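Engineer: PDB, C-alpha atoms, file run02.pdb:
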ATOM      1  CA  MET A   1     -16.404  46.875 374.801
ATOM      2  CA  ASN A   2     -18.452  47.170 371.615
ATOM      3  CA  ARG A   3     -20.923  44.557 370.401
ATOM      4  CA  GLU A   4     -18.550  43.070 367.789
ATOM      5  CA  GLN A   5     -15.764  42.598 370.326
ATOM      6  CA  SER A   6     -18.217  41.031 372.771
ATOM      7  CA  ARG A   7     -19.532  38.659 370.127
ATOM      8  CA  ARG A   8     -16.032  37.527 369.197
ATOM      9  CA  ARG A   9     -14.943  36.655 372.729
ATOM     10  CA  PRO A  10     -14.774  32.865 373.203
ATOM     11  CA  LEU A  11     -17.029  31.216 375.752
ATOM     12  CA  TRP A  12     -13.969  29.951 377.605
ATOM     13  CA  GLU A  13     -10.608  31.589 378.183
ATOM     14  CA  PRO A  14      -7.639  30.108 380.059
ATOM     15  CA  GLN A  15      -7.102  31.453 383.560
ATOM     16  CA  GLN A  16      -3.383  31.782 382.973
ATOM     17  CA  PRO A  17      -2.667  32.394 379.274
ATOM     18  CA  GLY A  18       0.623  30.986 378.003
ATOM     19  CA  PRO A  19       3.326  33.029 376.304
ATOM     20  CA  SER A  20       2.033  35.117 373.425
ATOM     21  CA  ASN A  21       2.617  33.664 369.964
ATOM     22  CA  LEU A  22       3.115  36.717 367.795
ATOM     23  CA  ASN A  23       2.373  34.802 364.616
ATOM     24  CA  LEU A  24      -0.740  32.931 365.748
ATOM     25  CA  ASN A  25      -2.179  35.947 367.561
ATOM     26  CA  ARG A  26      -1.529  38.411 364.765
ATOM     27  CA  ARG A  27      -5.126  38.493 363.474
ATOM     28  CA  SER A  28      -6.524  38.867 366.993
ATOM     29  CA  ARG A  29      -4.205  41.759 367.731
ATOM     30  CA  LEU A  30      -5.348  43.430 364.514
ATOM     31  CA  GLY A  31      -8.975  43.011 365.489
ATOM     32  CA  LEU A  32      -9.624  40.486 362.705
ATOM     33  CA  ARG A  33     -11.419  37.183 362.844
ATOM     34  CA  THR A  34      -9.378  33.979 362.908
ATOM     35  CA  GLU A  35      -9.041  31.915 359.724
ATOM     36  CA  ASP A  36     -11.351  29.252 361.169
ATOM     37  CA  GLU A  37     -14.023  31.869 361.812
ATOM     38  CA  GLU A  38     -13.745  33.044 358.215
ATOM     39  CA  LEU A  39     -13.902  29.478 356.903
ATOM     40  CA  LEU A  40     -16.967  28.512 358.959
ATOM     41  CA  ASP A  41     -18.883  31.772 358.542
ATOM     42  CA  ARG A  42     -22.417  30.779 357.531
ATOM     43  CA  SER A  43     -23.319  34.340 356.509
ATOM     44  CA  LYS A  44     -21.336  34.038 353.257
ATOM     45  CA  ARG A  45     -24.213  32.629 351.263
ATOM     46  CA  HIS A  46     -25.071  35.596 349.068
ATOM     47  CA  PRO A  47     -24.315  35.262 345.322
ATOM     48  CA  GLU A  48     -21.891  38.193 345.301
ATOM     49  CA  GLU A  49     -19.881  36.522 348.054
ATOM     50  CA  LEU A  50     -19.537  33.305 346.025
ATOM     51  CA  GLN A  51     -17.771  34.892 343.071
ATOM     52  CA  PHE A  52     -14.453  33.537 344.366
ATOM     53  CA  LEU A  53     -15.541  30.138 343.029
ATOM     54  CA  HIS A  54     -14.974  31.507 339.522
ATOM     55  CA  THR A  55     -11.571  33.091 340.066
ATOM     56  CA  ASP A  56      -8.246  31.731 338.806
ATOM     57  CA  PRO A  57      -6.792  31.074 342.301
ATOM     58  CA  TRP A  58      -9.792  28.872 343.063
ATOM     59  CA  ARG A  59      -9.435  27.124 339.698
ATOM     60  CA  VAL A  60      -5.830  26.303 340.570
ATOM     61  CA  LEU A  61      -7.084  24.442 343.636
ATOM     62  CA  ARG A  62      -9.650  22.564 341.544
ATOM     63  CA  ILE A  63      -6.946  21.646 339.043
ATOM     64  CA  MET A  64      -4.725  20.376 341.866
ATOM     65  CA  SER A  65      -7.585  18.340 343.264
ATOM     66  CA  GLU A  66      -8.167  16.693 339.883
ATOM     67  CA  PHE A  67      -4.502  15.754 339.620
ATOM     68  CA  VAL A  68      -4.549  14.306 343.141
ATOM     69  CA  ALA A  69      -7.747  12.335 342.505
ATOM     70  CA  GLY A  70      -6.366  11.020 339.224
ATOM     71  CA  PHE A  71      -3.027  10.014 340.708
ATOM     72  CA  ASP A  72      -4.670   8.326 343.690
ATOM     73  CA  THR A  73      -7.075   6.368 341.516
ATOM     74  CA  LEU A  74      -4.837   5.346 338.619
ATOM     75  CA  ALA A  75      -1.507   4.658 340.324
ATOM     76  CA  ALA A  76      -2.587   1.107 341.084
ATOM     77  CA  VAL A  77      -3.813   0.233 337.577
ATOM     78  CA  ALA A  78      -0.439   0.264 335.800
ATOM     79  CA  PRO A  79       0.785  -1.191 333.512
ATOM     80  CA  ALA A  80      -1.883   0.019 331.154
ATOM     81  CA  ILE A  81      -2.567   0.711 327.500
ATOM     82  CA  THR A  82      -4.651   3.717 326.520
ATOM     83  CA  VAL A  83      -7.033   3.244 323.607
ATOM     84  CA  PHE A  84      -8.402   6.182 321.612
ATOM     85  CA  GLY A  85     -10.934   6.453 318.820
ATOM     86  CA  SER A  86     -14.196   7.952 317.730
ATOM     87  CA  ALA A  87     -17.203   8.077 320.040
ATOM     88  CA  ARG A  88     -19.395   7.862 316.918
ATOM     89  CA  VAL A  89     -18.500   4.292 315.960
ATOM     90  CA  ALA A  90     -21.458   1.890 316.125
ATOM     91  CA  GLU A  91     -21.313  -1.631 317.514
ATOM     92  CA  ASP A  92     -21.579  -3.170 314.021
ATOM     93  CA  ASP A  93     -18.537  -1.232 312.748
ATOM     94  CA  PRO A  94     -15.482  -3.463 312.098
ATOM     95  CA  MET A  95     -13.335  -1.041 314.093
ATOM     96  CA  TYR A  96     -15.555  -1.559 317.140
ATOM     97  CA  GLU A  97     -14.924  -5.291 317.026
ATOM     98  CA  ALA A  98     -11.201  -4.767 316.397
ATOM     99  CA  ALA A  99     -10.890  -2.481 319.438
ATOM    100  CA  ARG A 100     -12.840  -4.933 321.545
ATOM    101  CA  SER A 101     -10.758  -7.922 320.446
ATOM    102  CA  LEU A 102      -7.363  -6.220 320.761
ATOM    103  CA  SER A 103      -8.246  -4.891 324.220
ATOM    104  CA  ARG A 104      -9.347  -8.369 325.271
ATOM    105  CA  HIS A 105      -5.951  -9.767 324.201
ATOM    106  CA  LEU A 106      -4.055  -6.975 325.958
ATOM    107  CA  ALA A 107      -6.083  -7.520 329.127
ATOM    108  CA  GLY A 108      -5.110 -11.183 328.901
ATOM    109  CA  GLU A 109      -1.487  -9.984 329.004
ATOM    110  CA  ASN A 110      -2.250  -8.199 332.304
ATOM    111  CA  PHE A 111      -2.508  -4.722 330.844
ATOM    112  CA  SER A 112      -5.222  -2.465 332.199
ATOM    113  CA  ILE A 113      -7.174  -0.639 329.513
ATOM    114  CA  ILE A 114      -7.714   3.121 329.829
ATOM    115  CA  THR A 115     -10.143   5.046 327.623
ATOM    116  CA  GLY A 116     -12.096   8.280 327.656
ATOM    117  CA  GLY A 117     -14.990   6.343 329.168
ATOM    118  CA  GLY A 118     -17.518   7.255 326.475
ATOM    119  CA  PRO A 119     -19.270   5.355 323.673
ATOM    120  CA  GLY A 120     -17.935   4.019 320.357
ATOM    121  CA  ILE A 121     -14.313   2.850 320.306
ATOM    122  CA  MET A 122     -13.986   3.708 323.996
ATOM    123  CA  GLU A 123     -16.867   1.404 324.876
ATOM    124  CA  ALA A 124     -15.436  -1.354 322.692
ATOM    125  CA  ALA A 125     -12.049  -1.176 324.420
ATOM    126  CA  ASN A 126     -13.540  -1.141 327.920
ATOM    127  CA  ARG A 127     -15.763  -4.050 326.927
ATOM    128  CA  GLY A 128     -12.788  -6.046 325.703
ATOM    129  CA  ALA A 129     -10.913  -5.337 328.932
ATOM    130  CA  VAL A 130     -13.792  -6.752 330.976
ATOM    131  CA  GLU A 131     -14.040  -9.820 328.717
ATOM    132  CA  GLY A 132     -10.305 -10.382 329.131
ATOM    133  CA  ASP A 133     -10.587 -10.235 332.939
ATOM    134  CA  GLY A 134      -8.558  -7.037 332.967
ATOM    135  CA  ILE A 135      -9.046  -3.677 334.640
ATOM    136  CA  SER A 136     -11.293  -1.323 332.656
ATOM    137  CA  VAL A 137     -10.738   2.395 333.315
ATOM    138  CA  GLY A 138     -12.676   5.380 332.002
ATOM    139  CA  CYS A 139     -11.448   8.980 332.246
ATOM    140  CA  ASN A 140     -14.485  11.036 331.353
ATOM    141  CA  ILE A 141     -14.633  14.762 330.699
ATOM    142  CA  GLU A 142     -17.208  17.478 331.255
ATOM    143  CA  LEU A 143     -18.514  18.568 327.844
ATOM    144  CA  PRO A 144     -21.137  21.106 326.697
ATOM    145  CA  PHE A 145     -23.208  18.144 325.509
ATOM    146  CA  GLU A 146     -24.092  15.014 327.439
ATOM    147  CA  GLN A 147     -21.634  12.100 327.327
ATOM    148  CA  GLY A 148     -22.366   9.287 329.717
ATOM    149  CA  THR A 149     -19.922   6.694 330.973
ATOM    150  CA  ASN A 150     -20.222   3.442 329.081
ATOM    151  CA  PRO A 151     -21.428   0.387 331.061
ATOM    152  CA  TYR A 152     -18.102  -1.478 330.784
ATOM    153  CA  VAL A 153     -16.072   0.995 332.841
ATOM    154  CA  GLN A 154     -15.073  -0.483 336.201
ATOM    155  CA  ILE A 155     -13.005   2.444 337.491
ATOM    156  CA  SER A 156     -14.272   5.883 336.538
ATOM    157  CA  VAL A 157     -12.519   9.220 337.020
ATOM    158  CA  ASP A 158     -14.262  12.453 336.001
ATOM    159  CA  PHE A 159     -12.406  15.578 334.901
ATOM    160  CA  HIS A 160     -13.281  19.220 334.199
ATOM    161  CA  TYR A 161      -9.979  20.052 332.488
ATOM    162  CA  PHE A 162      -8.733  18.412 329.308
ATOM    163  CA  PHE A 163      -5.053  18.844 330.131
ATOM    164  CA  VAL A 164      -5.414  17.021 333.466
ATOM    165  CA  ARG A 165      -7.257  14.166 331.779
ATOM    166  CA  LYS A 166      -4.619  13.971 329.038
ATOM    167  CA  THR A 167      -1.899  13.686 331.655
ATOM    168  CA  MET A 168      -3.666  10.649 333.132
ATOM    169  CA  PHE A 169      -3.971   9.015 329.719
ATOM    170  CA  LEU A 170      -0.216   9.229 329.257
ATOM    171  CA  LYS A 171       1.283   8.946 332.736
ATOM    172  CA  TYR A 172       0.043   5.441 333.502
ATOM    173  CA  ALA A 173       0.186   3.991 329.979
ATOM    174  CA  GLU A 174       2.870   1.816 328.406
ATOM    175  CA  GLY A 175       1.604   2.718 324.946
ATOM    176  CA  PHE A 176      -1.276   4.082 322.879
ATOM    177  CA  VAL A 177      -3.495   2.296 320.389
ATOM    178  CA  ILE A 178      -5.314   4.833 318.232
ATOM    179  CA  PHE A 179      -8.301   3.785 316.186
ATOM    180  CA  PRO A 180     -10.014   5.990 313.590
ATOM    181  CA  GLY A 181     -11.299   9.160 315.196
ATOM    182  CA  GLY A 182     -11.771  12.900 314.879
ATOM    183  CA  PHE A 183     -10.204  16.033 316.340
ATOM    184  CA  GLY A 184      -9.929  14.674 319.886
ATOM    185  CA  THR A 185      -8.185  11.549 318.639
ATOM    186  CA  MET A 186      -5.827  13.610 316.469
ATOM    187  CA  ASP A 187      -5.109  15.877 319.427
ATOM    188  CA  GLU A 188      -3.977  12.949 321.567
ATOM    189  CA  LEU A 189      -1.933  11.529 318.689
ATOM    190  CA  PHE A 190       0.057  14.655 317.865
ATOM    191  CA  GLU A 191       0.585  15.770 321.445
ATOM    192  CA  THR A 192       2.029  12.369 322.308
ATOM    193  CA  LEU A 193       4.181  12.353 319.159
ATOM    194  CA  THR A 194       5.565  15.729 320.233
ATOM    195  CA  LEU A 195       6.430  14.413 323.696
ATOM    196  CA  VAL A 196       8.223  11.398 322.205
ATOM    197  CA  GLN A 197       9.964  13.474 319.528
ATOM    198  CA  THR A 198      11.268  15.974 322.098
ATOM    199  CA  GLY A 199      12.462  13.281 324.517
ATOM    200  CA  LYS A 200       9.885  13.934 327.233
ATOM    201  CA  VAL A 201       8.670  10.340 326.906
ATOM    202  CA  HIS A 202      10.935   7.445 325.946
ATOM    203  CA  ASN A 203      10.292   4.185 324.084
ATOM    204  CA  PHE A 204       6.561   4.737 323.919
ATOM    205  CA  PRO A 205       4.777   2.691 321.241
ATOM    206  CA  ILE A 206       2.041   4.443 319.260
ATOM    207  CA  VAL A 207      -0.095   2.146 317.130
ATOM    208  CA  LEU A 208      -2.415   3.530 314.459
ATOM    209  CA  PHE A 209      -4.972   0.800 313.848
ATOM    210  CA  GLY A 210      -6.756   0.834 310.507
ATOM    211  CA  THR A 211      -4.396   1.187 307.550
ATOM    212  CA  SER A 212      -6.912   2.572 305.073
ATOM    213  CA  TYR A 213      -7.959   5.318 307.507
ATOM    214  CA  TRP A 214      -4.455   6.415 308.505
ATOM    215  CA  GLN A 215      -2.510   5.911 305.263
ATOM    216  CA  GLY A 216      -3.457   9.316 303.868
ATOM    217  CA  LEU A 217      -2.058  10.985 306.996
ATOM    218  CA  ILE A 218       1.166   8.962 306.762
ATOM    219  CA  ASP A 219       1.565   9.849 303.072
ATOM    220  CA  TRP A 220       1.137  13.545 303.905
ATOM    221  CA  LEU A 221       3.679  13.337 306.731
ATOM    222  CA  VAL A 222       6.213  11.634 304.457
ATOM    223  CA  ASN A 223       5.636  13.449 301.176
ATOM    224  CA  THR A 224       4.943  16.928 302.488
ATOM    225  CA  VAL A 225       5.990  17.472 306.095
ATOM    226  CA  ALA A 226       9.166  15.356 306.073
ATOM    227  CA  ALA A 227       9.954  16.223 302.457
ATOM    228  CA  GLU A 228       9.986  19.918 303.373
ATOM    229  CA  GLY A 229      12.221  19.249 306.381
ATOM    230  CA  LYS A 230       9.615  20.044 309.011
ATOM    231  CA  ILE A 231      10.122  16.604 310.572
ATOM    232  CA  THR A 232      12.480  13.706 309.835
ATOM    233  CA  GLN A 233      11.756  10.271 308.459
ATOM    234  CA  HIS A 234      12.636   8.923 311.907
ATOM    235  CA  ASP A 235       9.759  10.954 313.354
ATOM    236  CA  VAL A 236       7.331   9.209 311.002
ATOM    237  CA  GLU A 237       8.759   5.852 312.064
ATOM    238  CA  LEU A 238       7.589   6.524 315.615
ATOM    239  CA  LEU A 239       4.204   5.300 314.360
ATOM    240  CA  LEU A 240       3.193   1.729 313.637
ATOM    241  CA  VAL A 241       0.310   1.558 311.154
ATOM    242  CA  THR A 242      -1.367  -1.825 311.021
ATOM    243  CA  ASN A 243      -4.525  -3.846 310.525
ATOM    244  CA  SER A 244      -3.127  -6.745 312.540
ATOM    245  CA  GLU A 245      -4.062  -7.288 316.174
ATOM    246  CA  GLU A 246      -1.111  -9.645 316.532
ATOM    247  CA  GLU A 247       1.361  -7.068 315.171
ATOM    248  CA  ALA A 248      -0.048  -4.344 317.400
ATOM    249  CA  CYS A 249       0.056  -6.570 320.455
ATOM    250  CA  ARG A 250       3.581  -7.780 319.706
ATOM    251  CA  HIS A 251       4.817  -4.227 319.200
ATOM    252  CA  ILE A 252       3.374  -3.101 322.542
ATOM    253  CA  ILE A 253       4.705  -6.060 324.523
ATOM    254  CA  THR A 254       8.162  -5.858 322.924
ATOM    255  CA  ASN A 255       8.456  -2.205 323.944
ATOM    256  CA  TYR A 256       7.138  -2.995 327.412
ATOM    257  CA  LEU A 257       9.761  -5.721 327.945
ATOM    258  CA  GLU A 258      12.493  -3.353 326.769
ATOM    259  CA  ASN A 259      11.274  -0.721 329.217
ATOM    260  CA  GLU A 260      11.241  -3.265 332.027
ATOM    261  CA  HIS A 261      14.846  -4.069 331.136
ATOM    262  CA  VAL A 262      15.765  -0.385 331.446
ATOM    263  CA  ARG A 263      13.824   0.020 334.699
ATOM    264  CA  ALA A 264      15.705  -2.969 336.093
ATOM    265  CA  GLY A 265      18.941  -1.008 335.733
ATOM    266  CA  GLY A 266      20.008  -2.409 332.391
ATOM    267  CA  VAL A 267      20.375  -5.956 333.676
ATOM    268  CA  ASP A 268      19.073  -8.499 331.182
ATOM    269  CA  PRO A 269      16.631 -10.684 333.160
ATOM    270  CA  TYR A 270      17.359 -13.606 330.819
ATOM    271  CA  LEU A 271      21.152 -13.783 331.273
ATOM    272  CA  ASP A 272      20.871 -16.497 333.925
ATOM    273  CA  GLY A 273      19.413 -19.091 331.598
ATOM    274  CA  GLY A 274      15.861 -17.804 331.449
ATOM    275  CA  VAL A 275      13.995 -18.172 328.208
ATOM    276  CA  ARG A 276      13.163 -14.886 326.539
ATOM    277  CA  PRO A 277       9.417 -14.479 326.046
ATOM    278  CA  ASN A 278       8.094 -14.544 322.514
ATOM    279  CA  LEU A 279       4.644 -13.831 321.166
ATOM    280  CA  ASP A 280       2.250 -16.441 319.938
ATOM    281  CA  PRO A 281       1.166 -15.086 316.509
ATOM    282  CA  ALA A 282      -2.283 -16.613 316.935
ATOM    283  CA  GLY A 283      -3.067 -15.245 320.343
ATOM    284  CA  CYS A 284      -0.608 -12.493 321.265
ATOM    285  CA  ILE A 285       0.354 -14.578 324.292
ATOM    286  CA  PRO A 286       4.008 -15.003 325.391
ATOM    287  CA  THR A 287       5.254 -18.491 324.673
ATOM    288  CA  GLN A 288       8.625 -20.087 325.172
ATOM    289  CA  GLU A 289      10.888 -20.974 322.266
TER     290      GLU A 289
END
Could you write out this structure as C-alpha cells?

Structural biologist:
Amino acid sequence: MNREQSRRRPLWEPQQPGPSNLNLNRRSRLGLRTEDEELLDRSKRHPEELQFLHTDPWRVLRIMSEFVAGFDTLAAVAPAITVFGSARVAEDDPMYEAARSLSRHLAGENFSIITGGGPGIMEAANRGAVEGDGISVGCNIELPFEQGTNPYVQISVDFHYFFVRKTMFLKYAEGFVIFPGGFGTMDELFETLTLVQTGKVHNFPIVLFGTSYWQGLIDWLVNTVAAEGKITQHDVELLLVTNSEEEACRHIITNYLENEHVRAGGVDPYLDGGVRPNLDPAGCIPTQE
C-alpha cells in the first residue's frame, strides 16, 4: 500500500461492510478522493487554485445566491412602490421634498417604499417612508465608485449584478414613481415600459414626476417615435406625467385596487354593499363617499 492510499484510509471502518453502492463508491473505486475531501481540502490556498472564483460557472452560483437573498428578504415587504431618481439631487432641491412627501403619503397607505438605497431622490423616498411609518427598503449595487447606503434605509439588500437588482425593483412593486434622473433612471424607465408594452407585466402604473423635466421626452416620443410608427400613441399613454402628489397617489392606488380585483378572481369586493374606496384629494387617503 503506497503512502497516498494509506493516508486516505479512514480511521474507522465497519467490521461488516454493507452492500456496495456502485454510485456512492464510484470515486473510491477509481482511486479518487470523495467530494467532501475535495471541499474541505485546506491545501487549496494558492492563488492559481482560486481562479475558479472568477469563472462563469462560479458566477452563476453567485447570481443564484443574489436572487435567493433578494427573494427571501423582499417577499414580506409587498405591496411596495419603487421610487427612482437622481443620486445627485440635494436636500434643498424641490424634487427632494416632493419625493419625500409623496413617499410619506404612500407609506401612510401601507405601501413599502423601495429605492436604490443611495443618496439624492433615493434618500428622500426612504426618508419619507420612515416618516410615514412605512417599510423603507434599499437595494444597493456595487459600483466602481463609493456609494453608501443612506441612513433612512431599514432593510438593505446588496447586489453585484444590475439585472438581479432590477428584478427586485420590479417583482415586488405595484408601480414605479420616477423622478428626474440620468442614465440609470432612464434605463429603469424604458426597460419597464418594454415589459408592459410586450405584456410581461400587466396594469403597472408608471408615474413620471416633474412635468418640466419629462415633457421634452414625451414630446419626442409623440412627435418622432410614435409619428414614425416605431411605437403607438397607446404606448405613450402608459406614462402618467404629473406635478401633483395627489394625482400620482390616486393613479397608483386605483391601479392597485384594480389588480386586487383581478387577483381575487374577478369578483368585485364591493358587490355586497361595501362602499368603494375613493381618494381624499388633500391627503391621498381613501375616504368613503

Engineer: Each residue of segment 62-132 of chain A lying at most 9 Å from segment 136-158 of chain A should get a row with its shortest atom-to-atom pair and the distance in Å to one decimal, counting only C-alpha atoms; could you produce that, ordered by chain and increasing number, as JSON lines?

Structural biologist:
{"residue": "A:Glu66", "atom": "CA", "partner": "A:Asp158", "partner_atom": "CA", "distance": 8.4}
{"residue": "A:Ala69", "atom": "CA", "partner": "A:Val157", "partner_atom": "CA", "distance": 7.9}
{"residue": "A:Gly70", "atom": "CA", "partner": "A:Val157", "partner_atom": "CA", "distance": 6.8}
{"residue": "A:Thr73", "atom": "CA", "partner": "A:Val157", "partner_atom": "CA", "distance": 7.6}
{"residue": "A:Leu74", "atom": "CA", "partner": "A:Val137", "partner_atom": "CA", "distance": 8.5}
{"residue": "A:Val77", "atom": "CA", "partner": "A:Val137", "partner_atom": "CA", "distance": 8.4}
{"residue": "A:Ala107", "atom": "CA", "partner": "A:Ser136", "partner_atom": "CA", "distance": 8.8}
{"residue": "A:Ser112", "atom": "CA", "partner": "A:Ser136", "partner_atom": "CA", "distance": 6.2}
{"residue": "A:Ile113", "atom": "CA", "partner": "A:Ser136", "partner_atom": "CA", "distance": 5.2}
{"residue": "A:Ile114", "atom": "CA", "partner": "A:Val137", "partner_atom": "CA", "distance": 4.7}
{"residue": "A:Thr115", "atom": "CA", "partner": "A:Gly138", "partner_atom": "CA", "distance": 5.1}
{"residue": "A:Gly116", "atom": "CA", "partner": "A:Cys139", "partner_atom": "CA", "distance": 4.7}
{"residue": "A:Gly117", "atom": "CA", "partner": "A:Gly138", "partner_atom": "CA", "distance": 3.8}
{"residue": "A:Gly118", "atom": "CA", "partner": "A:Thr149", "partner_atom": "CA", "distance": 5.1}
{"residue": "A:Pro119", "atom": "CA", "partner": "A:Asn150", "partner_atom": "CA", "distance": 5.8}
{"residue": "A:Met122", "atom": "CA", "partner": "A:Asn150", "partner_atom": "CA", "distance": 8.1}
{"residue": "A:Glu123", "atom": "CA", "partner": "A:Asn150", "partner_atom": "CA", "distance": 5.8}
{"residue": "A:Ala124", "atom": "CA", "partner": "A:Tyr152", "partner_atom": "CA", "distance": 8.5}
{"residue": "A:Ala125", "atom": "CA", "partner": "A:Ser136", "partner_atom": "CA", "distance": 8.3}
{"residue": "A:Asn126", "atom": "CA", "partner": "A:Ser136", "partner_atom": "CA", "distance": 5.2}
{"residue": "A:Arg127", "atom": "CA", "partner": "A:Tyr152", "partner_atom": "CA", "distance": 5.2}
{"residue": "A:Gly128", "atom": "CA", "partner": "A:Ser136", "partner_atom": "CA", "distance": 8.5}
{"residue": "A:Ala129", "atom": "CA", "partner": "A:Ser136", "partner_atom": "CA", "distance": 5.5}
{"residue": "A:Val130", "atom": "CA", "partner": "A:Ser136", "partner_atom": "CA", "distance": 6.2}

Engineer: Which value, in Å to one decimal, gives the distance between atom CA of Val177 of chain A and atom CA of Leu208 of chain A?

Structural biologist: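 Pair atom CA of Val177 of chain A / atom CA of Leu208 of chain A returns 6.2 Å.
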
Engineer: Considering all atoms listed in the file, state which residue in the set A:Gly132, A:Gly210, A:Gly181, A:Gly175 is at the smallest distance from Leu238 of chain A.

Structural biologist: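 Nearest candidate to Leu238 of chain A out of A:Gly132, A:Gly210, A:Gly181, A:Gly175: A:Gly175.
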
Engineer: Return the single residue from A:Ala76, A:Ile178, A:Ile81, A:Leu217 that is closest to Ala98 of chain A, with distances computed using all atoms listed in the file.

Structural biologist: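 Checking each of A:Ala76, A:Ile178, A:Ile81, A:Leu217 against Ala98 of chain A, counting all atoms listed in the file, the winner is A:Ile178.
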
Engineer: Would you compute the distance between atom CA of Tyr161 of chain A and atom CA of Leu61 of chain A? Give it in Å to one decimal.

Structural biologist: 12.3 Å

Engineer: Which residue gives the smallest distance to Leu257 of chain A among A:Gly31, A:Pro79, A:Ser244, A:Trp214, with only C-alpha atoms counted?

Structural biologist: A:Pro79

Engineer: To one decimal in Å, tell me the separation between atom CA of Met168 of chain A and atom CA of Gln215 of chain A.

Structural biologist: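 Spanning atom CA of Met168 of chain A to atom CA of Gln215 of chain A is a straight-line distance of 28.3 Å.
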
Engineer: Scan for residues within 9 Å of the point (-9.2, -0.5, 314.4) in the coordinates of the file, using all atoms listed in the file, and reply as a PyMOL selection string.

Structural biologist: chain A and resi 85+94-99+102+121+177-180+208-211+242-245

Engineer: How would the residues just picked look written out with C-alpha atoms as an mmCIF file, in the coordinates of the input?

Structural biologist:
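The resulting result_15.cif:
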data_model
loop_
_atom_site.group_PDB
_atom_site.id
_atom_site.type_symbol
_atom_site.label_atom_id
_atom_site.label_comp_id
_atom_site.auth_asym_id
_atom_site.auth_seq_id
_atom_site.Cartn_x
_atom_site.Cartn_y
_atom_site.Cartn_z
ATOM 1 C CA GLY A 85 -10.934 6.453 318.820
ATOM 2 C CA PRO A 94 -15.482 -3.463 312.098
ATOM 3 C CA MET A 95 -13.335 -1.041 314.093
ATOM 4 C CA TYR A 96 -15.555 -1.559 317.140
ATOM 5 C CA GLU A 97 -14.924 -5.291 317.026
ATOM 6 C CA ALA A 98 -11.201 -4.767 316.397
ATOM 7 C CA ALA A 99 -10.890 -2.481 319.438
ATOM 8 C CA LEU A 102 -7.363 -6.220 320.761
ATOM 9 C CA ILE A 121 -14.313 2.850 320.306
ATOM 10 C CA VAL A 177 -3.495 2.296 320.389
ATOM 11 C CA ILE A 178 -5.314 4.833 318.232
ATOM 12 C CA PHE A 179 -8.301 3.785 316.186
ATOM 13 C CA PRO A 180 -10.014 5.990 313.590
ATOM 14 C CA LEU A 208 -2.415 3.530 314.459
ATOM 15 C CA PHE A 209 -4.972 0.800 313.848
ATOM 16 C CA GLY A 210 -6.756 0.834 310.507
ATOM 17 C CA THR A 211 -4.396 1.187 307.550
ATOM 18 C CA THR A 242 -1.367 -1.825 311.021
ATOM 19 C CA ASN A 243 -4.525 -3.846 310.525
ATOM 20 C CA SER A 244 -3.127 -6.745 312.540
ATOM 21 C CA GLU A 245 -4.062 -7.288 316.174
#

Engineer: List, as a list in words, every residue that the PyMOL selection byres ((chain A and resi 256) around 10) selects in the file provided.

Structural biologist: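 For this structure, the PyMOL selection byres ((chain A and resi 256) around 10) resolves to Pro79, Glu174, Gly175, Asn203, Phe204, Pro205, Arg250, His251, Ile252, Ile253, Thr254, Asn255, Leu257, Glu258, Asn259, Glu260, His261 and Val262 of chain A.
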
Engineer: From the set A:Tyr172, A:Ala227, A:Thr198, A:Glu246, which residue has the shortest atom-to-atom contact distance to Ala75 of chain A, counting only C-alpha atoms?

Structural biologist: A:Tyr172

Engineer: Under the rule that only C-alpha atoms are counted, which of A:Asn110, A:Ser212, A:Ser65, A:Asn223 is the nearest residue to Ile135 of chain A?

Structural biologist: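 The answer is A:Asn110, which sits nearest to Ile135 of chain A.
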
Engineer: Using all atoms listed in the file, which of the listed residues (A:Thr167, A:Thr192, A:Gln197, A:Ser101) sits closest to Ile63 of chain A?

Structural biologist: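 For Ile63 of chain A, the nearest of the given residues is A:Thr167.
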